[in-house]
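Here the structure comes first, spelled out in structure tokens, and everything after it is commentary.
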Amino acid sequence: MGDSSTSERRCYDLPVPPPGKFITIEGLDGCGKSTQLTMLATLLHAHGMEVVVTREPGGTVMGEKIRKLLLDTATLNLSPFAELALMFASRAQHLKEVIEPALGQGKTVLCDRFADSTEAYQGGGRKLGSDPVRALHRVLCGNLQPDLTILMDSDVAASVERARQRNFTRARGNDGGGPDENRFEQESRGFFTRVRDAYCAIAEREPHRVVVVNARGPASETHRQIALIMKQKLKLSER
Ligand code: TYD
């Protein structure tokens, strides 16, 4: 399975492999990831699975502070390597505090973004390349690989426009007054095209782990595809 072979898929504090399933969802900003994450969590719960839903950057008290710093438009002139280091600081804490304990207890961890986001956004978008990202993942995160990654593939222009609209609405308080999480949405079309290209390269490199879903249609259709993948990969029964 390439990089996600059993010997590579280790945690520092757990037997190899840990008993729980680790599922990640990836995609461009505004691809509809949050909706699918909620629908998938509901589906897994309905099949009696104990699911821990979490996200990156964030997922811990410290990680949420790092998230604020990373996503706030008031964070100016952050160097690409500093950004990379902060993503990994959040992730290392998240692994130790949330992901590894849950997997060790046999729970299913459903994570909104993980290391593929770093390879796509910092490696591709910021042009740091995949090698430093993968090297840091080995050193700082024990090279833990998800059992399954859903990559929601969408059009760059439509997704980014949707993310910008959503964040604009939140910032105006129409959505209950959300945080300013716009820093990445201000990037150029070229940036997001590189992010998408890097995601596609990961999917090609690791087809056993990464399943690409067409996320251009209605949410119900995207969910139908994801539910089918779960049925095949996790052997879920029909409900
Ligand atoms: P998220 O809240 O998932 O944004 P959205 O709901 O718009 O998809 O993610 C926050 C942003 O952080 C997103 O623009 C992608 C970026 N990001 C990275 O650049 N590198 C990373 O390693 C992670 C986890 C996220």
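We label chains A, B, ... in the order they appear in the structure tokens, count residues from 1 in each chain, and number ligands from 1 in the order shown.
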Handout entry: DSSP strand (DSSP E or B) residues within range 75-187 of chain A, as a ChimeraX atom specification
Key = /A:108-112,148-153
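Near ligand 1, the residues found within 6 Å are A:Leu28, A:Asp29, A:Gly30, A:Glu56, A:Pro57, A:Met87, A:Arg113, A:Phe114, A:Ala115, A:Ser117, A:Thr118, A:Tyr121, A:Gln122, A:Ala163, A:Phe184 (criterion computed using only C-alpha atoms and all ligand atoms).
Separating CA of Gly48 in chain A from CA of Ile229 in chain A is a distance of 17.4 Å.
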Exercise for the section: Within 7 Å of range 66-74 of chain A, counting only C-alpha atoms, which residues show up once you throw out same-chain ones fewer than 6 positions away? Write them as an MDAnalysis selection string, please. Expected result: chainID A and resid 57:58 86 90 180:184
Exercise for the section: Write out as a list in words all residues of range 100-145 of chain A that DSSP puts in alpha helix (DSSP H) for this structure's backbone. Expected result: Glu100, Pro101, Ala102, Leu103, Gly104, Ala115, Asp116, Ser117, Thr118, Ser130, Asp131, Pro132, Val133, Arg134, Ala135, Leu136, His137, Arg138, Val139, Leu140 and Cys141 of chain A
Please dump the current selection as a short mmCIF file (atom, residue, chain, number, x, y, z; two decimals), in the first residue's frame; keep all heavy atoms.
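again_38.cif, written as the output of this step:
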```
data_model
loop_
_atom_site.label_atom_id
_atom_site.label_comp_id
_atom_site.auth_asym_id
_atom_site.auth_seq_id
_atom_site.Cartn_x
_atom_site.Cartn_y
_atom_site.Cartn_z
N GLU A 100 -4.73 9.39 18.75
CA GLU A 100 -4.16 8.11 19.21
C GLU A 100 -4.97 7.48 20.34
O GLU A 100 -5.26 6.28 20.28
CB GLU A 100 -2.70 8.30 19.62
CG GLU A 100 -1.78 8.53 18.44
CD GLU A 100 -0.31 8.50 18.82
OE1 GLU A 100 0.01 8.26 20.00
OE2 GLU A 100 0.52 8.72 17.93
N PRO A 101 -5.37 8.25 21.37
CA PRO A 101 -6.18 7.62 22.43
C PRO A 101 -7.48 7.03 21.89
O PRO A 101 -7.86 5.92 22.26
CB PRO A 101 -6.46 8.77 23.40
CG PRO A 101 -5.34 9.74 23.18
CD PRO A 101 -5.00 9.63 21.73
N ALA A 102 -8.15 7.75 21.00
CA ALA A 102 -9.43 7.25 20.47
C ALA A 102 -9.23 5.97 19.65
O ALA A 102 -9.96 4.99 19.81
CB ALA A 102 -10.10 8.33 19.63
N LEU A 103 -8.21 5.96 18.80
CA LEU A 103 -7.94 4.76 17.99
C LEU A 103 -7.57 3.59 18.89
O LEU A 103 -7.97 2.45 18.65
CB LEU A 103 -6.81 5.03 16.98
CG LEU A 103 -7.11 6.04 15.86
CD1 LEU A 103 -5.87 6.26 15.00
CD2 LEU A 103 -8.28 5.56 15.00
N GLY A 104 -6.81 3.89 19.92
CA GLY A 104 -6.40 2.85 20.87
C GLY A 104 -7.59 2.23 21.59
O GLY A 104 -7.55 1.06 21.98
N ALA A 115 -2.91 15.24 7.25
CA ALA A 115 -1.62 15.55 6.62
C ALA A 115 -1.70 15.79 5.11
O ALA A 115 -0.86 16.52 4.55
CB ALA A 115 -0.63 14.43 6.91
N ASP A 116 -2.70 15.22 4.44
CA ASP A 116 -2.82 15.48 2.99
C ASP A 116 -3.08 16.96 2.74
O ASP A 116 -2.66 17.50 1.71
CB ASP A 116 -3.96 14.65 2.38
CG ASP A 116 -3.68 13.16 2.44
OD1 ASP A 116 -2.50 12.77 2.33
OD2 ASP A 116 -4.64 12.39 2.60
N SER A 117 -3.78 17.62 3.67
CA SER A 117 -4.00 19.07 3.51
C SER A 117 -2.67 19.80 3.53
O SER A 117 -2.46 20.75 2.76
CB SER A 117 -4.85 19.62 4.67
OG SER A 117 -6.22 19.42 4.44
N THR A 118 -1.77 19.36 4.38
CA THR A 118 -0.47 20.04 4.45
C THR A 118 0.32 19.81 3.16
O THR A 118 0.97 20.72 2.64
CB THR A 118 0.33 19.53 5.67
OG1 THR A 118 -0.55 19.41 6.77
CG2 THR A 118 1.45 20.50 6.02
N SER A 130 6.46 18.22 -1.65
CA SER A 130 5.96 17.13 -0.79
C SER A 130 7.01 16.62 0.18
O SER A 130 6.69 16.19 1.28
CB SER A 130 5.51 15.96 -1.67
OG SER A 130 4.36 16.31 -2.39
N ASP A 131 8.28 16.66 -0.21
CA ASP A 131 9.32 16.01 0.60
C ASP A 131 9.42 16.54 2.03
O ASP A 131 9.41 15.75 2.98
CB ASP A 131 10.69 16.09 -0.10
CG ASP A 131 10.73 15.18 -1.32
OD1 ASP A 131 9.79 14.35 -1.48
OD2 ASP A 131 11.67 15.30 -2.12
N PRO A 132 9.49 17.87 2.22
CA PRO A 132 9.58 18.35 3.61
C PRO A 132 8.34 18.02 4.43
O PRO A 132 8.44 17.71 5.61
CB PRO A 132 9.76 19.88 3.48
CG PRO A 132 9.52 20.22 2.07
CD PRO A 132 9.64 18.97 1.25
N VAL A 133 7.18 18.02 3.77
CA VAL A 133 5.93 17.71 4.48
C VAL A 133 5.94 16.26 4.92
O VAL A 133 5.65 15.94 6.09
CB VAL A 133 4.71 17.99 3.57
CG1 VAL A 133 3.42 17.61 4.28
CG2 VAL A 133 4.68 19.44 3.12
N ARG A 134 6.34 15.37 4.03
CA ARG A 134 6.32 13.94 4.37
C ARG A 134 7.42 13.61 5.38
O ARG A 134 7.25 12.75 6.24
CB ARG A 134 6.45 13.13 3.09
CG ARG A 134 5.27 13.42 2.15
CD ARG A 134 5.39 12.71 0.83
NE ARG A 134 5.01 11.33 0.96
CZ ARG A 134 5.35 10.39 0.08
NH1 ARG A 134 6.10 10.68 -0.95
NH2 ARG A 134 4.93 9.17 0.25
N ALA A 135 8.55 14.32 5.29
CA ALA A 135 9.63 14.09 6.26
C ALA A 135 9.18 14.52 7.65
O ALA A 135 9.37 13.81 8.64
CB ALA A 135 10.88 14.85 5.84
N LEU A 136 8.54 15.69 7.73
CA LEU A 136 8.05 16.16 9.04
C LEU A 136 6.98 15.22 9.58
O LEU A 136 6.91 14.98 10.79
CB LEU A 136 7.49 17.58 8.91
CG LEU A 136 8.53 18.70 8.86
CD1 LEU A 136 7.88 20.03 8.55
CD2 LEU A 136 9.31 18.79 10.16
N HIS A 137 6.17 14.70 8.69
CA HIS A 137 5.10 13.80 9.15
C HIS A 137 5.71 12.54 9.77
O HIS A 137 5.21 12.02 10.77
CB HIS A 137 4.17 13.44 7.99
CG HIS A 137 2.92 12.76 8.45
ND1 HIS A 137 2.03 13.35 9.31
CD2 HIS A 137 2.42 11.53 8.19
CE1 HIS A 137 1.04 12.52 9.57
NE2 HIS A 137 1.25 11.41 8.90
N ARG A 138 6.81 12.08 9.19
CA ARG A 138 7.48 10.89 9.75
C ARG A 138 8.06 11.21 11.13
O ARG A 138 7.89 10.45 12.08
CB ARG A 138 8.61 10.42 8.82
CG ARG A 138 8.10 9.57 7.67
CD ARG A 138 9.24 8.87 6.94
NE ARG A 138 10.06 9.82 6.18
CZ ARG A 138 9.77 10.23 4.94
NH1 ARG A 138 8.71 9.77 4.32
NH2 ARG A 138 10.56 11.08 4.33
N VAL A 139 8.71 12.37 11.24
CA VAL A 139 9.39 12.70 12.50
C VAL A 139 8.40 13.08 13.60
O VAL A 139 8.51 12.61 14.74
CB VAL A 139 10.39 13.87 12.27
CG1 VAL A 139 11.00 14.33 13.59
CG2 VAL A 139 11.48 13.45 11.30
N LEU A 140 7.42 13.90 13.26
CA LEU A 140 6.56 14.49 14.30
C LEU A 140 5.28 13.72 14.55
O LEU A 140 4.67 13.86 15.61
CB LEU A 140 6.19 15.94 13.91
CG LEU A 140 7.37 16.89 13.71
CD1 LEU A 140 6.89 18.24 13.20
CD2 LEU A 140 8.14 17.06 15.01
N CYS A 141 4.86 12.91 13.60
CA CYS A 141 3.56 12.25 13.71
C CYS A 141 3.67 10.74 13.55
O CYS A 141 2.66 10.07 13.27
CB CYS A 141 2.59 12.83 12.68
SG CYS A 141 2.37 14.60 12.84
#
```
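Using only C-alpha atoms, the nearest neighbour of Leu228 in chain A within the list A:Ala215, A:Leu43, A:Arg162, A:Ala120 is A:Leu43.
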Practice task
Using only C-alpha atoms, determine which residues lie at most 12 Å from Lys233 in chain A, disregarding the query and same-chain residues fewer than 3 positions distant; provide the list as a ChimeraX atom specification.
Solution key: /A:21,23,147-150,208-211,226-230,236-237
